[in-house]
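Notes follow once the structure below has been shown.
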Amino acid sequence: MRFSYIFFIAAILAMTGYSCKEKGGKHINQGEIHYNIDYTGDVGSIPKEFLPKNLIVSFKNNKTLFEMVSPLGNSGILNLSNPEAGIFDTYFSLFTIKYFYAAEPGEKFPGLESMEGMELKKTGKTLIICGFNCKNAKVTFAGKPDKVYDIWYTDEIDIKESNASTPYNQIDGVLMSFFFFLGSTELQFTAETVYQKEIPDVTFERRDKFQRISREEINKWINKMISI
């Protein structure tokens, strides 16, 4: 029933386009994309109002910073990709706790192990999101062929290999509507606004005051943030 409803909504959106904003034109190589976050599944005992409500992606010359910041104090998860400097970092903060993990080039960011076994099939469907022409792909998981997810992406924002460190590394475009699994929690991201703006170079430099830890350790902290 749920997926019939999602299919119906997708059909309506295909005719009308997403009601979001694009400020700056197409084929920009510097700016921000703001996404709304919806949660489904188990989020533990933490009230949803304390979970991150938005994802902000800053980009410049193929460098990206993904920021999910919680209203619960100075807490959140950042993913930084700066191929030119060889930086592929994940930062975790919870109040005064500050940790980071430095991944190798091509290594997927931590916290996304629940996405393993994902199967992706591109389709010929198109949709306008925030004024950008987007393409569709269907996502299923091994052992659950009847559960199908839609993702949408565009090649009209100039970021090369924007998904290299994510489970969507087969997608040659910027994701505009997609999902992640963190443990048993599903996070659905939908682009709301795309801005063209000046992004300082320091945005893509390695953070200080964070303690470096292993992938296994930062995975534990990421899962703890969702299920605290």
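Lettering and numbering for the structure tokens are positional, with chains as A, B, ... in the shown order, residues counted from 1 in each chain, and ligands counted from 1 in the shown order.
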Distance query Asn61 of chain A at most 12 Å, only C-alpha atoms, self and fewer than 3 positions along chain excluded, as a count of residues only:
23
Find the spatial neighbours of segment 210-227 of chain A, counting only C-alpha atoms, within a cut-off of 10 Å - ignore same-chain residues fewer than 5 positions away - and output them as an MDAnalysis selection string.
chainID A and resid 42:46 48 51:52 70 75:77 89:94 97:103 109:113 182:185
Calculate how many Å separate atom CA of Ile33 of chain A from atom CA of Lys209 of chain A, rounding to one decimal.
26.7 Å
So which residues of segment 42-98 of chain A fall under strand (DSSP E or B) by DSSP, listed as a count of residues only?
33
With distances taken over only C-alpha atoms, which of A:Thr126, A:Ser114, A:Asn169, A:Asn133 is nearest to Lys26 of chain A?
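Smallest distance to Lys26 of chain A is found for A:Asn133.
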Measuring atom to atom with only C-alpha atoms, identify which of A:Asn163, A:Tyr195, A:Phe179, A:Phe50 is nearest to Pro71 of chain A.
A:Phe50
Taking only C-alpha atoms into account, name the residue in A:Leu80, A:Ile37, A:Val174, A:Leu72 that is nearest to Phe132 of chain A.
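Of all the options, A:Val174 lies closest to Phe132 of chain A.
Within segment 45-206 of chain A, residues classed as helix (DSSP H, G or I) by DSSP on backbone coordinates are A:Lys48, A:Glu49, A:Phe50, A:Pro83, A:Glu84, A:Ala85, A:Glu113, A:Ser114, A:Met115, A:Asp201, A:Val202, A:Thr203, A:Phe204.
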Set the distance at 12 Å and use only C-alpha atoms: which residues neighbour Ala137 of chain A once local chain neighbours fewer than 2 positions away are removed? I'd like the list as a PyMOL selection string.
chain A and resi 119-127+134-135+139-140+148-154+168+170-173+175-178
